[in-house]
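*Asks:* My file is final06.pdb. It has PDB, C-alpha atoms and all ligand atoms:
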ATOM      1  CA  MET A   1      78.417  87.682  98.855
ATOM      2  CA  THR A   2      76.733  91.000  99.532
ATOM      3  CA  SER A   3      76.252  93.386  96.653
ATOM      4  CA  PRO A   4      79.023  95.947  96.308
ATOM      5  CA  PRO A   5      78.151  99.601  96.839
ATOM      6  CA  LYS A   6      76.848 101.192  93.640
ATOM      7  CA  PRO A   7      79.962 103.339  93.020
ATOM      8  CA  MET A   8      82.176 100.248  93.158
ATOM      9  CA  ALA A   9      79.871  98.295  90.867
ATOM     10  CA  LYS A  10      79.815 101.109  88.295
ATOM     11  CA  ALA A  11      83.574 101.525  88.396
ATOM     12  CA  ASN A  12      84.169  97.794  88.130
ATOM     13  CA  ASN A  13      81.827  97.536  85.144
ATOM     14  CA  ILE A  14      83.757 100.278  83.356
ATOM     15  CA  SER A  15      87.026  98.565  84.305
ATOM     16  CA  LYS A  16      85.851  95.317  82.734
ATOM     17  CA  MET A  17      84.917  97.151  79.559
ATOM     18  CA  LEU A  18      88.298  98.891  79.433
ATOM     19  CA  THR A  19      90.127  95.616  79.939
ATOM     20  CA  GLN A  20      88.145  94.006  77.128
ATOM     21  CA  VAL A  21      88.974  96.843  74.766
ATOM     22  CA  LEU A  22      92.512  97.748  75.839
ATOM     23  CA  GLY A  23      93.806  94.592  77.494
ATOM     24  CA  GLU A  24      95.256  93.966  80.933
ATOM     25  CA  GLU A  25      98.161  96.403  80.494
ATOM     26  CA  ARG A  26      95.979  99.457  80.103
ATOM     27  CA  PHE A  27      97.166 101.605  83.006
ATOM     28  CA  PRO A  28      97.152 104.354  84.082
ATOM     29  CA  VAL A  29      93.514 105.061  83.295
ATOM     30  CA  GLN A  30      93.244 107.966  80.850
ATOM     31  CA  VAL A  31      90.330 109.237  82.828
ATOM     32  CA  ASP A  32      89.804 112.512  80.957
ATOM     33  CA  GLU A  33      89.423 110.705  77.625
ATOM     34  CA  LEU A  34      87.348 108.036  79.312
ATOM     35  CA  ALA A  35      84.897 110.560  80.779
ATOM     36  CA  LEU A  36      84.417 112.202  77.379
ATOM     37  CA  GLU A  37      84.040 109.016  75.375
ATOM     38  CA  TYR A  38      81.951 107.082  77.847
ATOM     39  CA  SER A  39      79.476 109.912  78.388
ATOM     40  CA  HIS A  40      79.112 110.544  74.653
ATOM     41  CA  GLN A  41      78.531 106.849  74.014
ATOM     42  CA  CYS A  42      76.093 106.240  76.851
ATOM     43  CA  PHE A  43      74.416 109.611  77.388
ATOM     44  CA  ALA A  44      74.510 111.330  74.015
ATOM     45  CA  ASN A  45      71.853 113.879  75.027
ATOM     46  CA  SER A  46      73.865 115.238  77.938
ATOM     47  CA  PRO A  47      77.492 114.168  77.669
ATOM     48  CA  ILE A  48      80.604 115.533  79.325
ATOM     49  CA  ASP A  49      81.708 117.978  76.669
ATOM     50  CA  LYS A  50      85.026 119.192  78.073
ATOM     51  CA  VAL A  51      87.594 118.242  80.705
ATOM     52  CA  VAL A  52      89.775 121.270  81.393
ATOM     53  CA  GLY A  53      92.564 122.133  83.816
ATOM     54  CA  GLU A  54      92.413 125.645  85.301
ATOM     55  CA  GLU A  55      93.523 127.552  88.354
ATOM     56  CA  LEU A  56      90.653 127.230  90.796
ATOM     57  CA  ASP A  57      90.444 129.128  94.073
ATOM     58  CA  SER A  58      90.062 126.721  96.984
ATOM     59  CA  LEU A  59      88.618 123.979  94.812
ATOM     60  CA  ASP A  60      90.083 120.733  93.578
ATOM     61  CA  GLY A  61      87.517 120.425  90.824
ATOM     62  CA  LEU A  62      83.956 120.938  89.715
ATOM     63  CA  LEU A  63      81.279 119.434  87.506
ATOM     64  CA  LYS A  64      78.845 121.843  85.898
ATOM     65  CA  ALA A  65      75.939 121.603  83.450
ATOM     66  CA  ASN A  66      74.976 124.247  80.916
ATOM     67  CA  LYS A  67      71.550 125.889  81.239
ATOM     68  CA  ALA A  68      69.865 123.361  78.992
ATOM     69  CA  ARG A  69      71.616 120.501  80.814
ATOM     70  CA  SER A  70      72.686 119.247  77.401
ATOM     71  CA  LYS A  71      76.419 119.445  78.166
ATOM     72  CA  TRP A  72      78.586 118.983  81.217
ATOM     73  CA  LEU A  73      81.972 120.443  82.018
ATOM     74  CA  ILE A  74      84.667 119.053  84.314
ATOM     75  CA  LEU A  75      87.235 121.528  85.639
ATOM     76  CA  HIS A  76      90.199 120.409  87.701
ATOM     77  CA  ASN A  77      92.716 122.575  89.510
ATOM     78  CA  SER A  78      95.898 122.450  87.496
ATOM     79  CA  ALA A  79      97.675 124.976  89.705
ATOM     80  CA  THR A  80      98.033 123.142  92.983
ATOM     81  CA  LEU A  81      97.347 119.486  92.417
ATOM     82  CA  SER A  82      99.900 116.846  91.524
ATOM     83  CA  GLU A  83      99.294 114.806  88.404
ATOM     84  CA  GLY A  84      98.013 111.932  90.535
ATOM     85  CA  ARG A  85      95.619 114.193  92.409
ATOM     86  CA  GLN A  86      94.390 115.728  89.147
ATOM     87  CA  ARG A  87      93.681 112.249  87.841
ATOM     88  CA  PHE A  88      91.779 111.448  91.000
ATOM     89  CA  THR A  89      89.822 114.706  90.851
ATOM     90  CA  ILE A  90      88.704 114.064  87.273
ATOM     91  CA  ALA A  91      87.641 110.546  88.263
ATOM     92  CA  HIS A  92      85.783 111.994  91.260
ATOM     93  CA  GLU A  93      83.842 114.442  89.051
ATOM     94  CA  PHE A  94      83.159 111.673  86.552
ATOM     95  CA  GLY A  95      81.700 109.771  89.506
ATOM     96  CA  HIS A  96      79.382 112.683  90.327
ATOM     97  CA  TYR A  97      78.286 112.742  86.695
ATOM     98  CA  LEU A  98      77.426 109.052  86.639
ATOM     99  CA  LEU A  99      75.942 108.837  90.114
ATOM    100  CA  HIS A 100      74.462 112.194  91.044
ATOM    101  CA  ARG A 101      73.855 114.479  88.059
ATOM    102  CA  ASP A 102      70.081 114.121  88.373
ATOM    103  CA  GLN A 103      70.273 115.819  91.767
ATOM    104  CA  GLN A 104      71.926 119.132  90.858
ATOM    105  CA  ASP A 105      73.604 121.141  88.099
ATOM    106  CA  LEU A 106      76.802 122.068  89.902
ATOM    107  CA  PHE A 107      79.222 120.124  92.071
ATOM    108  CA  GLU A 108      82.085 122.106  93.595
ATOM    109  CA  CYS A 109      84.564 119.825  95.277
ATOM    110  CA  SER A 110      87.480 120.223  97.642
ATOM    111  CA  ASP A 111      89.307 118.265 100.301
ATOM    112  CA  ASP A 112      87.004 119.350 103.082
ATOM    113  CA  ASP A 113      83.672 118.590 101.453
ATOM    114  CA  ILE A 114      83.427 115.203 103.073
ATOM    115  CA  ASN A 115      83.444 116.855 106.488
ATOM    116  CA  ARG A 116      80.877 119.522 105.625
ATOM    117  CA  GLY A 117      77.383 119.840 104.261
ATOM    118  CA  ASP A 118      74.348 117.748 104.992
ATOM    119  CA  ASN A 119      74.255 113.975 105.031
ATOM    120  CA  ASN A 120      73.297 113.710 101.383
ATOM    121  CA  GLU A 121      76.155 115.953 100.317
ATOM    122  CA  ARG A 122      78.650 113.988 102.390
ATOM    123  CA  ASP A 123      77.316 110.713 101.035
ATOM    124  CA  ASN A 124      77.680 112.023  97.493
ATOM    125  CA  GLU A 125      81.276 113.021  98.141
ATOM    126  CA  THR A 126      82.036 109.643  99.689
ATOM    127  CA  GLU A 127      80.478 107.849  96.747
ATOM    128  CA  ALA A 128      82.399 109.924  94.202
ATOM    129  CA  ASN A 129      85.643 109.163  96.031
ATOM    130  CA  LEU A 130      84.869 105.470  96.191
ATOM    131  CA  PHE A 131      84.090 105.439  92.482
ATOM    132  CA  ALA A 132      87.354 107.226  91.702
ATOM    133  CA  SER A 133      89.573 104.958  93.771
ATOM    134  CA  THR A 134      87.931 101.803  92.418
ATOM    135  CA  LEU A 135      88.255 103.034  88.846
ATOM    136  CA  LEU A 136      91.898 104.113  89.099
ATOM    137  CA  ILE A 137      93.219 101.160  91.131
ATOM    138  CA  PRO A 138      91.055  98.131  90.356
ATOM    139  CA  LEU A 139      91.568  95.614  93.110
ATOM    140  CA  LYS A 140      91.793  92.667  90.739
ATOM    141  CA  ASP A 141      94.755  94.146  88.889
ATOM    142  CA  PHE A 142      96.308  95.515  92.062
ATOM    143  CA  ARG A 143      96.310  92.050  93.611
ATOM    144  CA  ARG A 144      98.006  90.724  90.511
ATOM    145  CA  GLN A 145     100.835  93.203  91.010
ATOM    146  CA  VAL A 146     101.453  92.539  94.696
ATOM    147  CA  ASP A 147     100.291  89.012  95.526
ATOM    148  CA  GLY A 148     103.138  86.701  96.421
ATOM    149  CA  GLN A 149     105.678  89.499  96.622
ATOM    150  CA  THR A 150     107.422  90.932  99.630
ATOM    151  CA  ILE A 151     105.976  94.326 100.255
ATOM    152  CA  SER A 152     108.340  97.271  99.952
ATOM    153  CA  PHE A 153     108.171 100.900  98.996
ATOM    154  CA  ASP A 154     109.852  99.932  95.762
ATOM    155  CA  LEU A 155     106.923  97.636  94.970
ATOM    156  CA  LEU A 156     104.415 100.280  96.037
ATOM    157  CA  GLY A 157     106.268 102.839  93.945
ATOM    158  CA  TYR A 158     105.934 100.552  90.965
ATOM    159  CA  CYS A 159     102.187 100.361  91.642
ATOM    160  CA  ALA A 160     101.923 104.134  92.040
ATOM    161  CA  ASP A 161     103.573 104.567  88.653
ATOM    162  CA  ARG A 162     101.401 101.895  87.088
ATOM    163  CA  TYR A 163      98.168 103.576  88.198
ATOM    164  CA  GLY A 164      99.385 107.162  88.009
ATOM    165  CA  VAL A 165      98.609 107.790  91.665
ATOM    166  CA  SER A 166     100.624 108.889  94.666
ATOM    167  CA  LEU A 167     102.811 106.535  96.681
ATOM    168  CA  THR A 168     100.525 107.203  99.625
ATOM    169  CA  ALA A 169      97.507 106.090  97.608
ATOM    170  CA  ALA A 170      99.239 102.868  96.611
ATOM    171  CA  ALA A 171     100.247 102.190 100.222
ATOM    172  CA  LEU A 172      96.706 102.780 101.434
ATOM    173  CA  ARG A 173      95.372 100.411  98.806
ATOM    174  CA  TRP A 174      97.857  97.761  99.880
ATOM    175  CA  ILE A 175      97.032  97.839 103.573
ATOM    176  CA  THR A 176      93.394  97.069 102.761
ATOM    177  CA  ILE A 177      94.464  93.692 101.382
ATOM    178  CA  ALA A 178      97.534  93.110 103.535
ATOM    179  CA  PRO A 179      97.859  89.608 104.993
ATOM    180  CA  LYS A 180      99.241  91.170 108.173
ATOM    181  CA  ASN A 181      98.365  93.833 110.664
ATOM    182  CA  ALA A 182      99.359  96.947 108.787
ATOM    183  CA  VAL A 183      99.463 100.605 109.781
ATOM    184  CA  LEU A 184     100.453 103.538 107.572
ATOM    185  CA  VAL A 185     101.763 106.609 109.388
ATOM    186  CA  VAL A 186     102.352 109.920 107.617
ATOM    187  CA  SER A 187     104.571 112.289 109.587
ATOM    188  CA  ARG A 188     106.368 115.606 109.405
ATOM    189  CA  ASP A 189     108.715 117.203 111.926
ATOM    190  CA  ASN A 190     108.577 114.082 114.107
ATOM    191  CA  HIS A 191     104.803 114.258 114.536
ATOM    192  CA  MET A 192     102.062 112.237 112.914
ATOM    193  CA  LEU A 193      99.965 114.092 110.363
ATOM    194  CA  TRP A 194      97.588 111.179 110.152
ATOM    195  CA  ALA A 195      97.604 107.401 110.379
ATOM    196  CA  CYS A 196      95.463 104.600 109.064
ATOM    197  CA  SER A 197      95.207 101.002 110.276
ATOM    198  CA  ASN A 198      93.760  98.063 108.446
ATOM    199  CA  GLU A 199      90.953  96.110 110.038
ATOM    200  CA  THR A 200      93.004  93.461 111.783
ATOM    201  CA  ALA A 201      95.473  95.994 113.121
ATOM    202  CA  PHE A 202      92.641  98.078 114.469
ATOM    203  CA  GLU A 203      91.015  95.048 116.061
ATOM    204  CA  SER A 204      94.268  94.302 117.857
ATOM    205  CA  GLY A 205      94.556  97.863 119.138
ATOM    206  CA  ALA A 206      97.264  98.962 116.706
ATOM    207  CA  PHE A 207      96.010 102.410 115.736
ATOM    208  CA  PHE A 208      96.737 106.074 116.414
ATOM    209  CA  ALA A 209      93.975 108.584 117.175
ATOM    210  CA  THR A 210      95.697 111.480 115.440
ATOM    211  CA  ARG A 211      92.538 113.458 114.784
ATOM    212  CA  LYS A 212      91.993 114.074 118.473
ATOM    213  CA  ASN A 213      95.592 114.069 119.651
ATOM    214  CA  THR A 214      98.957 115.408 118.626
ATOM    215  CA  ILE A 215     101.152 112.346 118.575
ATOM    216  CA  GLU A 216     104.930 112.471 118.400
ATOM    217  CA  LEU A 217     106.752 109.642 116.721
ATOM    218  CA  PRO A 218     108.462 107.212 119.105
ATOM    219  CA  GLN A 219     112.025 108.317 119.804
ATOM    220  CA  GLU A 220     113.376 105.099 118.301
ATOM    221  CA  ALA A 221     111.215 105.294 115.157
ATOM    222  CA  LEU A 222     113.186 105.254 111.940
ATOM    223  CA  ALA A 223     111.245 108.295 110.794
ATOM    224  CA  HIS A 224     112.200 110.293 113.877
ATOM    225  CA  SER A 225     114.493 113.122 112.789
ATOM    226  CA  PRO A 226     114.610 111.620 109.316
ATOM    227  CA  ARG A 227     117.611 111.972 107.137
ATOM    228  CA  LEU A 228     116.813 112.685 103.540
ATOM    229  CA  TRP A 229     117.086 109.132 102.338
ATOM    230  CA  LYS A 230     116.978 108.747  98.633
ATOM    231  CA  THR A 231     115.846 105.177  99.067
ATOM    232  CA  SER A 232     113.515 103.549 101.523
ATOM    233  CA  ILE A 233     114.883 101.823 104.599
ATOM    234  CA  SER A 234     113.503  98.883 106.501
ATOM    235  CA  GLU A 235     114.195  97.329 109.883
ATOM    236  CA  LYS A 236     112.933  94.338 111.799
ATOM    237  CA  THR A 237     112.311  95.363 115.368
ATOM    238  CA  GLN A 238     109.866  94.874 118.241
ATOM    239  CA  ALA A 239     106.268  96.026 118.232
ATOM    240  CA  ILE A 240     106.689  97.706 121.621
ATOM    241  CA  ARG A 241     108.720 100.410 119.879
ATOM    242  CA  TRP A 242     105.404 101.718 118.551
ATOM    243  CA  PHE A 243     102.845  99.914 120.686
ATOM    244  CA  PRO A 244     103.983  99.709 124.326
ATOM    245  CA  ARG A 245     101.277  97.286 125.326
ATOM    246  CA  GLU A 246     102.376  94.597 122.889
ATOM    247  CA  PRO A 247     104.496  91.760 124.295
ATOM    248  CA  ALA A 248     108.240  92.052 123.889
ATOM    249  CA  SER A 249     108.199  88.963 121.733
ATOM    250  CA  MET A 250     105.955  90.577 119.099
ATOM    251  CA  PRO A 251     108.032  91.373 115.986
ATOM    252  CA  LEU A 252     107.417  94.404 113.823
ATOM    253  CA  THR A 253     108.759  95.373 110.438
ATOM    254  CA  GLU A 254     109.189  99.098 109.999
ATOM    255  CA  MET A 255     109.591 100.597 106.528
ATOM    256  CA  VAL A 256     110.211 104.273 105.931
ATOM    257  CA  LYS A 257     110.277 106.434 102.851
ATOM    258  CA  VAL A 258     110.573 110.193 102.568
ATOM    259  CA  ALA A 259     107.947 111.277 100.045
ATOM    260  CA  GLY A 260     106.082 114.256  98.649
ATOM    261  CA  ASN A 261     109.255 116.012  97.466
ATOM    262  CA  TYR A 262     110.685 115.480 100.954
ATOM    263  CA  ASP A 263     107.640 117.176 102.469
ATOM    264  CA  TYR A 264     106.547 114.235 104.613
ATOM    265  CA  THR A 265     107.569 110.736 105.634
ATOM    266  CA  LEU A 266     105.675 107.510 105.135
ATOM    267  CA  THR A 267     106.109 104.725 107.671
ATOM    268  CA  LEU A 268     104.595 101.315 107.061
ATOM    269  CA  LEU A 269     104.327  99.107 110.148
ATOM    270  CA  LEU A 270     103.734  95.393 109.696
ATOM    271  CA  MET A 271     103.004  92.867 112.406
ATOM    272  CA  PRO A 272     101.849  89.275 112.310
ATOM    273  CA  ASN A 273      98.208  88.645 113.002
ATOM    274  CA  SER A 274      96.465  85.530 114.192
ATOM    275  CA  GLU A 275      94.428  85.037 111.069
ATOM    276  CA  GLY A 276      94.977  86.347 107.567
ATOM    277  CA  HIS A 277      92.317  87.846 105.366
ATOM    278  CA  GLY A 278      90.551  85.427 103.087
ATOM    279  CA  ALA A 279      90.664  86.110  99.401
ATOM    280  CA  HIS A 280      87.859  88.380  98.335
ATOM    281  CA  HIS A 281      86.402  89.237  94.993
ATOM    282  CA  ASP A 282      87.009  92.511  93.208
ATOM    283  CA  ASN A 283      83.398  93.497  93.766
ATOM    284  CA  GLU A 284      83.417  92.744  97.439
ATOM    285  CA  ALA A 285      83.654  95.485  99.974
ATOM    286  CA  PRO A 286      86.794  95.713 102.087
ATOM    287  CA  PRO A 287      87.179  93.494 105.161
ATOM    288  CA  TRP A 288      85.711  95.895 107.672
ATOM    289  CA  LYS A 289      82.533  96.327 105.693
ATOM    290  CA  THR A 290      81.685  92.798 106.746
ATOM    291  CA  PRO A 291      79.471  92.899 109.827
ATOM    292  CA  THR A 292      81.441  92.034 112.922
ATOM    293  CA  SER A 293      80.938  92.084 116.638
ATOM    294  CA  THR A 294      82.070  95.695 116.677
ATOM    295  CA  LEU A 295      78.936  96.846 114.922
ATOM    296  CA  SER A 296      76.546  98.810 117.053
ATOM    297  CA  ALA A 297      72.952  97.793 117.546
ATOM    298  CA  THR A 298      71.952  99.962 114.592
ATOM    299  CA  GLY A 299      74.359  98.200 112.294
ATOM    300  CA  ASN A 300      76.675 101.177 112.038
ATOM    301  CA  TYR A 301      80.191 101.297 113.301
ATOM    302  CA  PRO A 302      80.473 103.425 116.417
ATOM    303  CA  CYS A 303      81.527 106.990 115.704
ATOM    304  CA  ASP A 304      84.741 106.734 117.673
ATOM    305  CA  ARG A 305      85.698 103.756 115.591
ATOM    306  CA  LEU A 306      85.264 105.797 112.436
ATOM    307  CA  GLU A 307      87.438 108.534 113.803
ATOM    308  CA  MET A 308      90.098 106.186 115.028
ATOM    309  CA  ILE A 309      90.378 103.864 112.112
ATOM    310  CA  CYS A 310      90.065 106.561 109.520
ATOM    311  CA  ASP A 311      92.016 109.322 111.077
ATOM    312  CA  ASP A 312      93.133 111.002 107.932
ATOM    313  CA  ARG A 313      92.515 113.504 105.240
ATOM    314  CA  PRO A 314      89.303 113.141 103.270
ATOM    315  CA  GLN A 315      90.757 112.420  99.870
ATOM    316  CA  MET A 316      93.474 110.213 101.223
ATOM    317  CA  ALA A 317      91.551 107.596 103.110
ATOM    318  CA  VAL A 318      88.053 107.833 104.373
ATOM    319  CA  CYS A 319      85.801 105.476 106.196
ATOM    320  CA  LEU A 320      82.344 106.930 106.494
ATOM    321  CA  PRO A 321      78.875 105.460 106.762
ATOM    322  CA  VAL A 322      77.374 104.614 103.406
ATOM    323  CA  SER A 323      74.171 102.667 103.448
ATOM    324  CA  SER A 324      74.767 101.694 107.062
ATOM    325  CA  SER A 325      78.253 100.460 106.467
ATOM    326  CA  CYS A 326      81.758 101.664 105.881
ATOM    327  CA  VAL A 327      83.607 102.168 102.666
ATOM    328  CA  TRP A 328      87.275 102.443 102.045
ATOM    329  CA  LEU A 329      88.811 105.006  99.788
ATOM    330  CA  ALA A 330      92.329 104.802  98.604
ATOM    331  CA  PHE A 331      93.136 108.445  98.136
TER     332      PHE A 331
HETATM  333 ZN    ZN B 401      82.699 116.057  94.888
END
What do you get writing this file as structure tokens?

*Replies:*
Amino acid sequence: MTSPPKPMAKANNISKMLTQVLGEERFPVQVDELALEYSHQCFANSPIDKVVGEELDSLDGLLKANKARSKWLILHNSATLSEGRQRFTIAHEFGHYLLHRDQQDLFECSDDDINRGDNNERDNETEANLFASTLLIPLKDFRRQVDGQTISFDLLGYCADRYGVSLTAAALRWITIAPKNAVLVVSRDNHMLWACSNETAFESGAFFATRKNTIELPQEALAHSPRLWKTSISEKTQAIRWFPREPASMPLTEMVKVAGNYDYTLTLLLMPNSEGHGAHHDNEAPPWKTPTSTLSATGNYPCDRLEMICDDRPQMAVCLPVSSSCVWLAF
């Protein structure tokens, strides 16, 4: 087994400690209290002194040291972020504190940071996101909730509640461990906002390049001209509804849920694949971090692959090079 990226290892170590102290049923992570207590226990000379919600212009959150660097402050935007996003933002800033505070005194963070700045800045943002997602939705516990169960938005909703994250975040986490080809499509007004495929779906050509193209939902898609369903709906159909090049015999399960206070629609597409994922350890990187034939000569995934497989918003799901490989973020 290869070593997990440092942010994952740090988050998993804290998760183990929390489980030892609080037990298995310890969710959602009280990340504000955790950041205060952990930093005071481990770094008494320069702890996180306050975690405060405030209205922040164009920022999701920030981490700031005082002049003497003897105290750190986490601010998160309480005006615009949902509770799940606020939890993620605090975890993200806690990640900066643990991973990067030797580099600078101020971290100002927003959705777009991962697409801006120099390589080091982008890497730092990616690492903080990876830390946050690993801390809030530990894979070991997540597997325990979903393994052996038929996937549904009800089950994912249960997971979202358990971890205090959005339904989208729970769905993204699930497709990383799905035993099938799985694609999550987020749409509004009959057009895709973004989409994300898991590794096996991508390998089979089941992906949507929404960053470069405006893609309308198929006319027959359940999410096309959605009614305001109060519950999710599901239908077994043919893959060619979404992927015209698939054989007519290829089945597809389509699940739809209106989410975000009816602001957007989630569609989960499931298709059989030829080989399921093997079980992997909590510390292991996701499937597509494993070197495959799609790696370029330099060991990095080709850029177009990054854009296609991770065609989404930075804090929702990001696949970017970290130490010559890709990481998966569940927010
Ligand atoms: Zn940041």

*Asks:* Can you tell me which residues come within 12 Å of ligand ZN 401 (chain B) when counting only C-alpha atoms and all ligand atoms, ideally as a ChimeraX atom specification?

*Replies:* /A:59-64,74-76,88-97,99-101,104,106-117,120-132,314-315

*Asks:* Between A:Val52, A:Tyr264, A:Thr214, A:Ala178, which is the closest to A:Ser197 once you count only C-alpha atoms?

*Replies:* A:Ala178

*Asks:* Would you be able to write out as a count of residues only which residues have an atom within 7 Å of (102.7, 97.1, 114.4) in the file's coordinates, counting all atoms listed in the file?

*Replies:* 11

*Asks:* When you look at stretch 20-31 of chain A with a cut-off of 8 Å (counting only C-alpha atoms), what residues show up, excluding the ones that are within fewer than 3 positions of it in the same chain? I need them as a ChimeraX atom specification.

*Replies:* /A:16-17,34-35,87,90-91,135-136,141,161-164

*Asks:* Expanded to explicit residues, what is the PyMOL selection byres (((chain A and resi 184-196) around 7) and not hetatm) for this file, as an NGL selection string?

*Replies:* :A and (182-183 or 197-198 or 208 or 210 or 215-217 or 224-225 or 264-269 or 309-312)

*Asks:* Excluding same-chain residues fewer than 4 positions from A:Thr231, what lies within 9 Å of it counting all atoms listed in the file, as a list in words?

*Replies:* Phe153, Asp154, Val256, Lys257 and Val258 of chain A

*Asks:* Have a look at atom CA of A:Ala170 and atom CA of A:Gln86 and let me know their distance in Å, one decimal.

*Replies:*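 If I compute the distance from atom CA of A:Ala170 to atom CA of A:Gln86, I get 15.6 Å.
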
*Asks:* Quick one: pull the distance between atom CA of A:Thr19 and atom CA of A:Ile175, Å, one decimal.

*Replies:*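 Distance reported for this atom pair: 24.7 Å.
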
*Asks:* Between atom CA of A:Ala221 and atom CA of A:Arg241, what is the distance in Å, rounded to a tenth?

*Replies:* 7.2 Å

*Asks:* Between A:Val51, A:Ser152, A:Ala65, A:Asp263, which one has atoms that come closest to A:Ser78, using all atoms listed in the file?

*Replies:* A:Val51

*Asks:* Output file request: stretch 22-64 of chain A, with C-alpha atoms, as a PDB file, in the first residue's frame.

*Replies:*
ATOM      1  CA  LEU A  22     -16.154   9.521  21.866  1.00  0.00           C
ATOM      2  CA  GLY A  23     -16.979   6.136  20.370  1.00  0.00           C
ATOM      3  CA  GLU A  24     -18.199   5.134  16.931  1.00  0.00           C
ATOM      4  CA  GLU A  25     -21.400   7.205  17.121  1.00  0.00           C
ATOM      5  CA  ARG A  26     -19.632  10.528  17.392  1.00  0.00           C
ATOM      6  CA  PHE A  27     -20.958  12.337  14.322  1.00  0.00           C
ATOM      7  CA  PRO A  28     -21.242  14.999  13.078  1.00  0.00           C
ATOM      8  CA  VAL A  29     -17.754  16.204  13.938  1.00  0.00           C
ATOM      9  CA  GLN A  30     -17.946  19.257  16.203  1.00  0.00           C
ATOM     10  CA  VAL A  31     -15.135  20.769  14.247  1.00  0.00           C
ATOM     11  CA  ASP A  32     -15.096  24.187  15.926  1.00  0.00           C
ATOM     12  CA  GLU A  33     -14.628  22.639  19.374  1.00  0.00           C
ATOM     13  CA  LEU A  34     -12.172  20.160  17.928  1.00  0.00           C
ATOM     14  CA  ALA A  35      -9.995  22.884  16.386  1.00  0.00           C
ATOM     15  CA  LEU A  36      -9.861  24.769  19.691  1.00  0.00           C
ATOM     16  CA  GLU A  37      -9.172  21.777  21.902  1.00  0.00           C
ATOM     17  CA  TYR A  38      -6.762  19.982  19.625  1.00  0.00           C
ATOM     18  CA  SER A  39      -4.637  23.067  18.990  1.00  0.00           C
ATOM     19  CA  HIS A  40      -4.506  23.955  22.688  1.00  0.00           C
ATOM     20  CA  GLN A  41      -3.497  20.406  23.576  1.00  0.00           C
ATOM     21  CA  CYS A  42      -0.889  19.946  20.865  1.00  0.00           C
ATOM     22  CA  PHE A  43       0.377  23.465  20.172  1.00  0.00           C
ATOM     23  CA  ALA A  44      -0.067  25.352  23.427  1.00  0.00           C
ATOM     24  CA  ASN A  45       2.292  28.153  22.345  1.00  0.00           C
ATOM     25  CA  SER A  46       0.247  29.076  19.290  1.00  0.00           C
ATOM     26  CA  PRO A  47      -3.228  27.573  19.507  1.00  0.00           C
ATOM     27  CA  ILE A  48      -6.415  28.436  17.667  1.00  0.00           C
ATOM     28  CA  ASP A  49      -7.921  30.872  20.127  1.00  0.00           C
ATOM     29  CA  LYS A  50     -11.304  31.573  18.542  1.00  0.00           C
ATOM     30  CA  VAL A  51     -13.626  30.155  15.891  1.00  0.00           C
ATOM     31  CA  VAL A  52     -16.136  32.838  14.944  1.00  0.00           C
ATOM     32  CA  GLY A  53     -18.910  33.201  12.381  1.00  0.00           C
ATOM     33  CA  GLU A  54     -19.137  36.612  10.685  1.00  0.00           C
ATOM     34  CA  GLU A  55     -20.351  38.182   7.484  1.00  0.00           C
ATOM     35  CA  LEU A  56     -17.366  38.085   5.163  1.00  0.00           C
ATOM     36  CA  ASP A  57     -17.263  39.801   1.781  1.00  0.00           C
ATOM     37  CA  SER A  58     -16.467  37.296  -0.959  1.00  0.00           C
ATOM     38  CA  LEU A  59     -14.783  34.890   1.427  1.00  0.00           C
ATOM     39  CA  ASP A  60     -15.883  31.562   2.812  1.00  0.00           C
ATOM     40  CA  GLY A  61     -13.411  31.740   5.663  1.00  0.00           C
ATOM     41  CA  LEU A  62      -9.989  32.763   6.855  1.00  0.00           C
ATOM     42  CA  LEU A  63      -7.238  31.739   9.240  1.00  0.00           C
ATOM     43  CA  LYS A  64      -5.189  34.526  10.773  1.00  0.00           C
TER      44      LYS A  64
END
